[in-house]
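Asker: One structure is given below, represented as structure tokens, and several questions about it will come after.
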Amino acid sequence: MKSGNRIKHTFRLPPDISRQLAEFAIRKRATQASIVEAAIASFLSPDGSERMEAAVTRRLDRLTKQNERLEFQIEVTNEALALFVRFWLTANPPLPESAMAAAQAQGRERYEGFVEALARKLENGKGVFEEMGRKGR
């Protein structure tokens, strides 16, 4: 900055700070005025910690929104599962002992088919809600 563009200020410093300023200026091969100017500019500008806090706050806000979506999706999943189990238990009477072995074998086969279908669905990357044209909340 040109010297014509500067305004003179007079202020007093405690002896220990004045000594530190002089020693720092010698070590850095800079003028005391340039060090004071840089220190004041740094003090008056948005602080790095304030910028960091703002960035962390934005990130926390994003994480909070993601967490809220996950909570909603888990709630829907839990309710759907509970409703299915209630319906299934209500609609399906217990089997007689004589039909139990065949039903268990068929159940294992159907479960394996379910797991394979689930694996394909997960590999595809497209969930049931997306197929229906809906996204979680």
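Simple scheme: letters A, B, ... for chains in structure tokens order, numbers from 1 for residues in each chain, numbers from 1 for ligands in the order shown.
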Quick one: everything within 12 Å of Ala33 in chain A, counting only C-alpha atoms, minus sequence neighbours fewer than 2 positions away in the same chain. Send it as a list in words.

Answerer: Ser3, Arg6, Ile7, Lys8, His9, Thr10, Phe11, Ser18, Leu21, Ala22, Phe24, Ala25, Arg29, Ala30, Thr31, Ile35, Val36, Glu37, Ala38, Ala39 and Ile40 of chain A

Asker: Tell me, which residues of range 2-130 of chain A carry DSSP alpha helix (DSSP H), written as JSON, numbers by chain?

Answerer: {"A": [15, 16, 17, 18, 19, 20, 21, 22, 23, 24, 25, 26, 27, 28, 32, 33, 34, 35, 36, 37, 38, 39, 40, 41, 42, 43, 44, 48, 49, 50, 51, 52, 53, 54, 55, 56, 57, 58, 59, 60, 61, 62, 63, 64, 65, 66, 67, 68, 69, 70, 71, 72, 73, 74, 75, 76, 77, 78, 79, 80, 81, 82, 83, 84, 85, 86, 87, 88, 89, 90, 91, 100, 101, 102, 103, 104, 105, 106, 107, 108, 109, 110, 111, 112, 113, 114, 115, 116, 117, 118, 119, 120, 121, 122, 123, 124, 128, 129, 130]}
